[in-house]
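Undergrad: Shown below is the structure under consideration.
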Amino acid sequence: MSAADRSPCPGSGTAAFHRRAGELFCEDVPVRELAARYGTPLYVYSGACVDQRVAAVRAAFGPDALLRYAVKANGNLTLLRRLFARGAGFDLVSGGELRRLQAAGLPAAQAVFAGVGKEPWEIEAAVAAGIQFFNVESAHELPLLAAAAAAAPRPVRVALRLNPDVDAGTHAYISTGKQENKFGVALSAAGAVVAAILREPRLSLCGYHVHLGSQLRAVAPYVEAFHKVAAFVDADPARGAGITHYDLGGGFGIAYGDGAPLDVEALAGALLPLLAARGWRPVLEPGRYLVGDAGILVTTVLGEKATGSTDFLLVDAAMNDLLRPALYQARHPIVPVAERPGPSRTVDVVGPVCETGDFLARQRSLPPCRRGDLLAVLGAGAYGASMASNYNTRRRPAEVLVDGGTAVLVRARETFEQLFASEIDLHEA
Ligand SMILES: Cc1ncc(COP(=O)(O)O)c(C=O)c1O
């Protein structure tokens with residue numbers, strides 16, 4: 001089939017998901033075949049899309065930038081290894097994510113460790129693993145970090161996470177750089193924390209970190225944050241001595257079928273000259289931008305019903321598989337895997353979980369579909385599988401990675417035995 005026989009899949013944000021004769025493909029694999037092979041709900045990822053996004057960020061920011069993929073977006077071991085092979089390191093927020101990295105055989109020396117409430121064991125494990133930078137978020141971390149650093153072969157490098165009180169224009173639950181958010185150290189308190197770091201002989205302050213939130217579409221908040229950090233640094237020469245890195249966080253937004261994604265080139269164009277003027281090397285922590293559009297969640301229509309006021313389409317994927325619509329009122333485009341002719345109608349797409357908040361879409365115009373048809377929820381590669389749970393004793397979905405015409409299972413669907421394995425059943429004899 002020639003490229004001319006392909007048509008785009010609007011809302012997917014990538015040519016990796018497209019149609020051939022009306023059918024949805026991931027690269028060269030029909031999504032229908034994957035659903036038949038692995039069942040639904042099913043996450044399908046395009047390796048080519050991930051590669052393209054890494055290349056786009058690298059092209060915009062240049063070879064000098066440290067790309068540190070936010071593991072929380074999707075920590076699948078195969079994806080982590082792929083990202084590493086394409087030149088990414090990692091941004092971790094828990095000891096569990098560090099263990100994940102180690103399980104994938106990837107070096108902590110190319111990972112930064114943020115985390116708003118680090119437990120002592122997490123700090124010790126990360127120091128022992130030789131983490132690249134600690135993004136310190138609270139003064140109480142310092143004595144713990146200094147104690148762990150005492151046993152380390154070299155001083156531990158610290159980037160102080162600042163809360164610049166910048167409105168990122170994103171959903172309240174994914175805003176992290178405003179005064180009312182729990183993240184980072186307020187600029188008014190940060191001078192004392194810098195002084196405390198400088199007093200610790202085993203800690204070396206080498207950067208500042210901000211992360212304003214997730215799903216940002218505009219460059220301006222990043223620039224505003226930089227200027228606030230720069231003003232903080234310029235207020236005292238001790239704050240700028242030895243600084244080599246500026247971690248601008250992640251948050252690069254994708255389109256989700258509505259408007260434009262963040263213009264990564266424009267972001268680099270605005271920030272790189274400011275950083276170069278100070279000799280600060282950029283650190284980037286995108287998660288969603290690298291993997292969000294690379295994934296879809298495939299689901300089967302179980303049936304329909306109408307209540308008089310609302311038409312429901314019941315599907316086999318639910319909030320436990322993809323939490324974002326329920327948690328953030330997030331809007332994911334939904335498309336049929338095989339198109340049927342006929343007029344569209346407005347429905348609520350809901351899952352089997354016993355919660356009114358269990359929906360994948362509300363009041364959405366969808367082309368005709370029937371029981372047994374497959375639907376694809378687009379833009380589901382980030383914060384999809386990684387936020388999945390077992391609520392209602394549901395098994396988390398399988399995950400498949402496609403490369404050209406090849407699809408490999410990168411996570412099997414959970415078994416019920418796995419679900420109960422850690423429970424201790426104190427049944428009465
Ligand atoms: C510290 C930090 N860095 C990076 C990210 C990645 O965000 P995103 O996936 O929106 O790029 C997050 C997520 O909220 C984060 O907390």
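Labeling convention for the structure tokens: chains A, B, ... as they appear, residues from 1 per chain, ligands from 1 in order of appearance.
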DSSP on the backbone, helix (DSSP H, G or I) only: what residues of stretch 95-291 of chain A does that give? Format it as a VMD selection string.
TA: chain A and resid 95 to 103 108 to 110 120 to 129 141 to 150 172 to 174 187 to 199 220 to 234 237 to 240 264 to 278 288 to 291
Undergrad: If you take only C-alpha atoms and all ligand atoms and a cut-off of 10 Å, which residues of chain A touch ligand 1, and what are their nearest atom pairs and distances in Å to one decimal, in chain and number order, as a Markdown table?
TA:
```
| residue | atom | partner | partner_atom_place_in_ligand_line | distance |
| --- | --- | --- | --- | --- |
| A:Arg68 | CA | ligand 1 | 4 (C) | 8.4 |
| A:Tyr69 | CA | ligand 1 | 4 (C) | 7.5 |
| A:Ala70 | CA | ligand 1 | 6 (C) | 5.0 |
| A:Val71 | CA | ligand 1 | 6 (C) | 8.0 |
| A:Lys72 | CA | ligand 1 | 13 (C) | 7.0 |
| A:Ala73 | CA | ligand 1 | 9 (O) | 5.4 |
| A:Asn74 | CA | ligand 1 | 9 (O) | 9.0 |
| A:Phe90 | CA | ligand 1 | 4 (C) | 9.5 |
| A:Asp91 | CA | ligand 1 | 3 (N) | 6.4 |
| A:Leu92 | CA | ligand 1 | 1 (C) | 7.8 |
| A:Val93 | CA | ligand 1 | 1 (C) | 7.0 |
| A:Val112 | CA | ligand 1 | 1 (C) | 9.4 |
| A:Phe113 | CA | ligand 1 | 1 (C) | 8.4 |
| A:Ala114 | CA | ligand 1 | 1 (C) | 5.7 |
| A:Gly115 | CA | ligand 1 | 1 (C) | 7.0 |
| A:Val116 | CA | ligand 1 | 1 (C) | 8.6 |
| A:Asn135 | CA | ligand 1 | 1 (C) | 8.4 |
| A:Glu137 | CA | ligand 1 | 1 (C) | 9.9 |
| A:Arg161 | CA | ligand 1 | 1 (C) | 8.8 |
| A:Tyr173 | CA | ligand 1 | 14 (O) | 9.8 |
| A:Ile174 | CA | ligand 1 | 14 (O) | 6.6 |
| A:Ser175 | CA | ligand 1 | 14 (O) | 8.2 |
| A:Thr176 | CA | ligand 1 | 16 (O) | 7.5 |
| A:Phe183 | CA | ligand 1 | 16 (O) | 8.5 |
| A:Gly184 | CA | ligand 1 | 1 (C) | 9.3 |
| A:His209 | CA | ligand 1 | 1 (C) | 8.5 |
| A:Val210 | CA | ligand 1 | 1 (C) | 7.7 |
| A:His211 | CA | ligand 1 | 1 (C) | 5.5 |
| A:Leu212 | CA | ligand 1 | 14 (O) | 8.3 |
| A:Gly213 | CA | ligand 1 | 14 (O) | 5.7 |
| A:Ser214 | CA | ligand 1 | 10 (O) | 3.5 |
| A:Gln215 | CA | ligand 1 | 10 (O) | 5.1 |
| A:Leu216 | CA | ligand 1 | 10 (O) | 7.4 |
| A:Asp247 | CA | ligand 1 | 3 (N) | 9.1 |
| A:Leu248 | CA | ligand 1 | 3 (N) | 8.6 |
| A:Gly249 | CA | ligand 1 | 3 (N) | 4.9 |
| A:Gly250 | CA | ligand 1 | 11 (O) | 3.8 |
| A:Gly251 | CA | ligand 1 | 10 (O) | 3.3 |
| A:Phe252 | CA | ligand 1 | 11 (O) | 5.1 |
| A:Gly253 | CA | ligand 1 | 10 (O) | 6.6 |
| A:Ile254 | CA | ligand 1 | 10 (O) | 9.0 |
| A:Leu284 | CA | ligand 1 | 4 (C) | 8.0 |
| A:Glu285 | CA | ligand 1 | 4 (C) | 4.6 |
| A:Pro286 | CA | ligand 1 | 11 (O) | 3.5 |
| A:Gly287 | CA | ligand 1 | 9 (O) | 3.4 |
| A:Arg288 | CA | ligand 1 | 9 (O) | 3.8 |
| A:Tyr289 | CA | ligand 1 | 11 (O) | 6.0 |
| A:Leu290 | CA | ligand 1 | 11 (O) | 8.0 |
| A:Val291 | CA | ligand 1 | 9 (O) | 8.7 |
| A:Gly292 | CA | ligand 1 | 9 (O) | 8.3 |
| A:Ala382 | CA | ligand 1 | 9 (O) | 7.1 |
| A:Tyr383 | CA | ligand 1 | 9 (O) | 7.8 |
```
Undergrad: How about saving the chosen residues, N, CA and C atoms kept, as a compact mmCIF listing (two decimals), in the first residue's frame?
TA:
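Below is the file again-v3.txt, written as the result:
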```txt
# COMPACT_ATOMS: atom_id res chain seq x y z
N ARG A 68 15.98 14.67 30.34
CA ARG A 68 15.71 13.75 31.45
C ARG A 68 14.21 13.42 31.45
N TYR A 69 13.87 12.31 30.80
CA TYR A 69 12.47 11.90 30.63
C TYR A 69 11.81 11.65 31.99
N ALA A 70 10.62 12.20 32.17
CA ALA A 70 9.89 12.02 33.44
C ALA A 70 9.25 10.63 33.46
N VAL A 71 9.84 9.75 34.24
CA VAL A 71 9.44 8.33 34.26
C VAL A 71 7.97 8.17 34.66
N LYS A 72 7.47 9.11 35.46
CA LYS A 72 6.10 8.97 35.94
C LYS A 72 5.09 8.94 34.80
N ALA A 73 5.44 9.54 33.67
CA ALA A 73 4.49 9.60 32.55
C ALA A 73 4.19 8.21 32.02
N ASN A 74 5.21 7.39 31.93
CA ASN A 74 5.04 5.99 31.50
C ASN A 74 6.36 5.28 31.78
N PHE A 90 16.84 10.36 32.87
CA PHE A 90 15.55 10.22 33.52
C PHE A 90 15.35 11.21 34.65
N ASP A 91 14.09 11.53 34.86
CA ASP A 91 13.66 12.33 35.99
C ASP A 91 12.82 11.43 36.87
N LEU A 92 13.28 11.25 38.11
CA LEU A 92 12.61 10.32 39.04
C LEU A 92 11.94 11.10 40.16
N VAL A 93 10.86 10.54 40.68
CA VAL A 93 10.21 11.19 41.82
C VAL A 93 9.98 10.23 42.99
N VAL A 112 17.97 12.51 37.39
CA VAL A 112 17.79 13.50 38.46
C VAL A 112 16.65 13.01 39.34
N PHE A 113 16.70 13.40 40.61
CA PHE A 113 15.72 12.89 41.55
C PHE A 113 15.00 14.05 42.23
N ALA A 114 13.76 14.28 41.81
CA ALA A 114 12.92 15.29 42.49
C ALA A 114 12.10 14.55 43.55
N GLY A 115 10.92 14.95 43.80
CA GLY A 115 10.11 14.25 44.81
C GLY A 115 9.82 15.19 45.96
N VAL A 116 8.55 15.47 46.16
CA VAL A 116 8.18 16.52 47.11
C VAL A 116 8.33 16.05 48.55
N ASN A 135 17.06 17.12 43.23
CA ASN A 135 16.29 18.35 43.20
C ASN A 135 15.65 18.52 44.57
N GLU A 137 13.61 19.86 47.52
CA GLU A 137 12.33 20.60 47.52
C GLU A 137 11.99 21.19 48.89
N ARG A 161 14.97 23.13 44.03
CA ARG A 161 13.71 23.37 43.31
C ARG A 161 13.02 24.59 43.90
N TYR A 173 -5.10 20.72 39.23
CA TYR A 173 -4.47 19.54 39.81
C TYR A 173 -3.09 19.26 39.22
N ILE A 174 -2.76 19.90 38.10
CA ILE A 174 -1.44 19.65 37.51
C ILE A 174 -0.62 20.94 37.43
N SER A 175 -1.03 21.92 38.22
CA SER A 175 -0.22 23.13 38.38
C SER A 175 0.70 22.90 39.57
N THR A 176 1.99 23.19 39.40
CA THR A 176 2.93 22.89 40.50
C THR A 176 3.82 24.08 40.87
N PHE A 183 4.91 22.17 45.95
CA PHE A 183 6.20 21.84 45.36
C PHE A 183 7.24 22.96 45.50
N GLY A 184 8.49 22.57 45.66
CA GLY A 184 9.58 23.53 45.64
C GLY A 184 9.62 24.43 46.86
N HIS A 209 16.06 24.45 39.86
CA HIS A 209 15.04 23.64 39.18
C HIS A 209 13.69 24.31 39.38
N VAL A 210 12.93 24.37 38.30
CA VAL A 210 11.52 24.75 38.41
C VAL A 210 10.72 23.74 37.59
N HIS A 211 9.55 23.45 38.03
CA HIS A 211 8.62 22.68 37.19
C HIS A 211 7.25 23.28 37.46
N LEU A 212 6.71 23.92 36.44
CA LEU A 212 5.55 24.78 36.66
C LEU A 212 4.24 24.01 36.65
N GLY A 213 4.27 22.82 36.10
CA GLY A 213 3.04 22.05 35.99
C GLY A 213 3.08 21.26 34.71
N SER A 214 1.98 20.60 34.43
CA SER A 214 1.93 19.71 33.29
C SER A 214 0.97 20.27 32.25
N GLN A 215 1.20 19.86 30.99
CA GLN A 215 0.30 20.23 29.90
C GLN A 215 0.25 21.76 29.70
N LEU A 216 1.45 22.38 29.65
CA LEU A 216 1.53 23.80 29.33
C LEU A 216 1.53 23.96 27.82
N ASP A 247 17.33 23.66 35.41
CA ASP A 247 16.36 22.62 35.06
C ASP A 247 15.00 23.29 34.92
N LEU A 248 14.54 23.39 33.66
CA LEU A 248 13.29 24.11 33.43
C LEU A 248 12.06 23.22 33.58
N GLY A 249 12.29 21.98 34.01
CA GLY A 249 11.17 21.09 34.26
C GLY A 249 10.63 20.48 32.98
N GLY A 250 9.44 19.90 33.11
CA GLY A 250 8.76 19.34 31.94
C GLY A 250 7.53 20.17 31.67
N GLY A 251 6.43 19.47 31.41
CA GLY A 251 5.17 20.19 31.21
C GLY A 251 4.84 20.52 29.77
N PHE A 252 5.67 20.06 28.83
CA PHE A 252 5.44 20.40 27.41
C PHE A 252 4.11 19.79 26.98
N GLY A 253 3.15 20.63 26.62
CA GLY A 253 1.79 20.16 26.35
C GLY A 253 1.64 19.54 24.97
N ILE A 254 0.71 18.59 24.87
CA ILE A 254 0.35 18.01 23.57
C ILE A 254 -1.06 18.48 23.23
N LEU A 284 16.03 19.33 30.83
CA LEU A 284 14.61 19.27 30.44
C LEU A 284 14.02 17.99 30.99
N GLU A 285 12.79 18.08 31.46
CA GLU A 285 12.15 16.88 32.05
C GLU A 285 10.80 16.58 31.41
N PRO A 286 10.70 16.54 30.10
CA PRO A 286 9.39 16.25 29.52
C PRO A 286 9.00 14.80 29.74
N GLY A 287 7.74 14.57 29.99
CA GLY A 287 7.20 13.22 30.06
C GLY A 287 6.16 13.07 28.96
N ARG A 288 5.04 13.75 29.16
CA ARG A 288 3.89 13.65 28.26
C ARG A 288 4.27 13.89 26.79
N TYR A 289 5.11 14.89 26.55
CA TYR A 289 5.43 15.27 25.17
C TYR A 289 6.11 14.13 24.42
N LEU A 290 6.89 13.34 25.15
CA LEU A 290 7.64 12.26 24.49
C LEU A 290 6.79 11.01 24.25
N VAL A 291 5.81 10.76 25.10
CA VAL A 291 5.09 9.48 24.98
C VAL A 291 3.58 9.61 24.87
N GLY A 292 3.03 10.81 25.12
CA GLY A 292 1.57 10.95 25.18
C GLY A 292 0.89 10.57 23.86
N ALA A 382 0.73 8.79 27.88
CA ALA A 382 1.29 9.38 29.10
C ALA A 382 0.22 9.42 30.17
N TYR A 383 0.59 9.06 31.39
CA TYR A 383 -0.33 9.08 32.53
C TYR A 383 -1.56 8.22 32.25
```
Undergrad: Using atom CA of A:Pro368 and atom CA of A:Phe17 as the two end points, give the distance in Å to one decimal.
TA: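 Here the two named atoms are 20.4 Å from each other.
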Undergrad: Which neighbours of A:Asn76 fall inside 10 Å, counting only C-alpha atoms, when residues of the same chain fewer than 5 positions from it are skipped, and could you give them as a PyMOL selection string?
TA: chain A and resi 71+81-82+100-101+104+385-386+399+410-411
Undergrad: Extract, using only C-alpha atoms, all DNA, RNA and protein residues at most 12 Å from A:Thr244, discarding same-chain residues fewer than 2 positions from it, and format them as a ChimeraX atom specification.
TA: /A:65-66,133,157-159,204-209,239-242,246-247,275-283
Undergrad: Write the residues you've just listed into a file as a compact mmCIF listing (two decimals), in the first residue's frame, and include N, CA and C atoms for each of them.
TA:
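To be explicit, this is the file written out as selection_3.txt:
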```txt
# COMPACT_ATOMS: atom_id res chain seq x y z
N ALA A 65 21.89 20.10 25.77
CA ALA A 65 20.83 20.01 26.77
C ALA A 65 20.79 18.60 27.37
N LEU A 66 20.52 18.54 28.67
CA LEU A 66 20.34 17.23 29.31
C LEU A 66 18.85 16.90 29.25
N PHE A 133 21.68 14.48 40.00
CA PHE A 133 21.34 15.66 40.82
C PHE A 133 20.17 15.32 41.73
N ARG A 157 25.58 16.29 44.25
CA ARG A 157 25.19 17.51 43.53
C ARG A 157 23.71 17.81 43.75
N VAL A 158 23.45 19.07 44.04
CA VAL A 158 22.09 19.49 44.40
C VAL A 158 21.62 20.59 43.45
N ALA A 159 20.38 20.44 42.99
CA ALA A 159 19.68 21.56 42.34
C ALA A 159 18.51 21.91 43.25
N SER A 204 26.96 19.91 47.02
CA SER A 204 27.46 20.93 46.09
C SER A 204 26.28 21.48 45.29
N LEU A 205 26.00 22.77 45.50
CA LEU A 205 24.87 23.40 44.81
C LEU A 205 25.29 23.72 43.38
N CYS A 206 24.66 23.07 42.40
CA CYS A 206 25.08 23.35 41.01
C CYS A 206 23.92 23.71 40.09
N GLY A 207 22.72 23.83 40.63
CA GLY A 207 21.66 24.23 39.73
C GLY A 207 20.40 24.68 40.45
N TYR A 208 19.50 25.23 39.65
CA TYR A 208 18.16 25.54 40.13
C TYR A 208 17.17 24.83 39.24
N HIS A 209 16.06 24.45 39.86
CA HIS A 209 15.04 23.64 39.18
C HIS A 209 13.69 24.31 39.38
N ARG A 239 24.52 32.94 45.69
CA ARG A 239 23.49 32.09 45.08
C ARG A 239 23.86 31.66 43.66
N GLY A 240 24.76 32.39 43.03
CA GLY A 240 25.10 32.08 41.64
C GLY A 240 26.42 31.35 41.50
N ALA A 241 27.23 31.35 42.58
CA ALA A 241 28.56 30.73 42.48
C ALA A 241 28.42 29.22 42.26
N GLY A 242 29.11 28.71 41.30
CA GLY A 242 29.12 27.26 41.07
C GLY A 242 27.90 26.73 40.34
N TYR A 246 20.41 24.75 34.70
CA TYR A 246 19.07 25.27 34.97
C TYR A 246 18.08 24.23 34.47
N ASP A 247 17.33 23.66 35.41
CA ASP A 247 16.36 22.62 35.06
C ASP A 247 15.00 23.29 34.92
N LEU A 275 19.93 31.33 28.94
CA LEU A 275 20.79 30.39 29.67
C LEU A 275 22.25 30.55 29.25
N ALA A 276 22.45 30.70 27.93
CA ALA A 276 23.82 30.83 27.42
C ALA A 276 24.50 32.06 28.03
N ALA A 277 23.73 33.12 28.20
CA ALA A 277 24.31 34.35 28.74
C ALA A 277 24.85 34.14 30.15
N ARG A 278 24.33 33.15 30.85
CA ARG A 278 24.78 32.87 32.22
C ARG A 278 25.68 31.64 32.30
N GLY A 279 25.85 30.98 31.17
CA GLY A 279 26.65 29.76 31.18
C GLY A 279 25.94 28.61 31.87
N TRP A 280 24.61 28.63 31.88
CA TRP A 280 23.84 27.56 32.52
C TRP A 280 23.41 26.58 31.44
N ARG A 281 23.64 25.30 31.73
CA ARG A 281 23.26 24.25 30.78
C ARG A 281 21.80 23.84 31.04
N PRO A 282 20.98 23.73 29.97
CA PRO A 282 19.58 23.37 30.21
C PRO A 282 19.38 21.90 30.57
N VAL A 283 18.49 21.67 31.52
CA VAL A 283 18.02 20.33 31.84
C VAL A 283 16.52 20.34 31.55
```
Undergrad: How many Å separate atom CA of A:Glu423 from atom CA of A:Pro120?
TA: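 Here the two named atoms are 26.7 Å from each other.
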Undergrad: Go through A:Ile296, A:Ala218, A:Ala147, A:Val402 and flag the residue nearest A:Asp28, using only C-alpha atoms for the distances.
TA: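 Comparing A:Ile296, A:Ala218, A:Ala147, A:Val402 against A:Asp28, the winner is A:Val402.
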Undergrad: Counting only C-alpha atoms, which residues of stretch 256-353 of chain A sit at most 7 Å from some atom of stretch 371-380 of chain A, and what is each one's closest atom pair with its distance in Å to one decimal, listed by chain and rising residue number, as a Markdown table?
TA:
```
| residue | atom | partner | partner_atom | distance |
| --- | --- | --- | --- | --- |
| A:Tyr256 | CA | A:Gly379 | CA | 6.0 |
| A:Gly292 | CA | A:Gly379 | CA | 5.1 |
| A:Asp293 | CA | A:Gly379 | CA | 4.3 |
| A:Ala294 | CA | A:Gly379 | CA | 6.9 |
| A:Gly295 | CA | A:Ala380 | CA | 5.0 |
| A:Ile296 | CA | A:Leu378 | CA | 4.7 |
| A:Leu297 | CA | A:Val377 | CA | 5.0 |
| A:Val298 | CA | A:Ala376 | CA | 4.5 |
| A:Thr299 | CA | A:Leu375 | CA | 5.3 |
| A:Thr300 | CA | A:Leu374 | CA | 4.6 |
| A:Val301 | CA | A:Arg371 | CA | 5.0 |
| A:Leu302 | CA | A:Arg371 | CA | 5.3 |
| A:Gly303 | CA | A:Arg371 | CA | 4.9 |
| A:His332 | CA | A:Leu378 | CA | 5.9 |
| A:Pro333 | CA | A:Leu378 | CA | 5.3 |
| A:Ile334 | CA | A:Val377 | CA | 4.5 |
| A:Val335 | CA | A:Ala376 | CA | 5.3 |
| A:Pro336 | CA | A:Leu375 | CA | 4.4 |
| A:Val337 | CA | A:Leu375 | CA | 5.3 |
```
Undergrad: Could you save the residues just selected, with N, CA and C atoms, as a CSV table (one decimal), in the first residue's frame?
TA:
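To be explicit, this is the file written out as selection-v1.csv:
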```csv
chain,number,residue,atom,x,y,z
A,256,TYR,N,-4.1,16.9,22.2
A,256,TYR,CA,-5.3,16.2,22.6
A,256,TYR,C,-6.4,16.5,21.6
A,292,GLY,N,3.0,10.8,25.1
A,292,GLY,CA,1.6,10.9,25.2
A,292,GLY,C,0.9,10.6,23.9
A,293,ASP,N,1.3,11.2,22.8
A,293,ASP,CA,0.7,10.9,21.5
A,293,ASP,C,1.1,9.6,21.0
A,294,ALA,N,2.1,9.0,21.5
A,294,ALA,CA,2.6,7.7,21.0
A,294,ALA,C,1.8,6.5,21.5
A,295,GLY,N,0.7,6.8,22.3
A,295,GLY,CA,0.0,5.7,22.8
A,295,GLY,C,-1.5,5.9,22.6
A,296,ILE,N,-2.2,4.8,22.4
A,296,ILE,CA,-3.7,4.8,22.4
A,296,ILE,C,-4.2,3.7,23.3
A,297,LEU,N,-5.4,3.9,23.8
A,297,LEU,CA,-6.1,2.8,24.6
A,297,LEU,C,-7.2,2.3,23.8
A,298,VAL,N,-7.1,1.0,23.5
A,298,VAL,CA,-8.1,0.3,22.6
A,298,VAL,C,-9.2,-0.3,23.5
A,299,THR,N,-10.4,-0.1,23.2
A,299,THR,CA,-11.5,-0.6,24.0
A,299,THR,C,-12.6,-1.2,23.2
A,300,THR,N,-13.4,-2.1,23.7
A,300,THR,CA,-14.5,-2.7,23.0
A,300,THR,C,-15.8,-2.2,23.5
A,301,VAL,N,-16.7,-1.9,22.5
A,301,VAL,CA,-18.1,-1.5,22.9
A,301,VAL,C,-18.8,-2.7,23.5
A,302,LEU,N,-19.3,-2.5,24.8
A,302,LEU,CA,-20.0,-3.6,25.4
A,302,LEU,C,-21.5,-3.5,25.1
A,303,GLY,N,-22.0,-2.3,24.9
A,303,GLY,CA,-23.4,-2.1,24.7
A,303,GLY,C,-23.8,-0.6,24.8
A,332,HIS,N,-9.8,13.4,25.9
A,332,HIS,CA,-9.0,12.6,24.9
A,332,HIS,C,-9.9,12.3,23.7
A,333,PRO,N,-9.4,12.6,22.5
A,333,PRO,CA,-10.1,12.2,21.3
A,333,PRO,C,-10.4,10.7,21.3
A,334,ILE,N,-11.6,10.3,20.8
A,334,ILE,CA,-12.0,8.9,20.7
A,334,ILE,C,-12.4,8.7,19.3
A,335,VAL,N,-11.9,7.6,18.7
A,335,VAL,CA,-12.2,7.4,17.3
A,335,VAL,C,-12.5,5.9,17.1
A,336,PRO,N,-13.4,5.5,16.1
A,336,PRO,CA,-13.6,4.1,15.9
A,336,PRO,C,-12.4,3.5,15.2
A,337,VAL,N,-12.1,2.2,15.5
A,337,VAL,CA,-10.9,1.6,14.9
A,337,VAL,C,-11.3,1.3,13.4
```
Undergrad: So which residues touch A:Ala109 within 8 Å, counting only C-alpha atoms, skipping near sequence neighbours fewer than 6 positions away, as a ChimeraX atom specification?
TA: /A:129-132
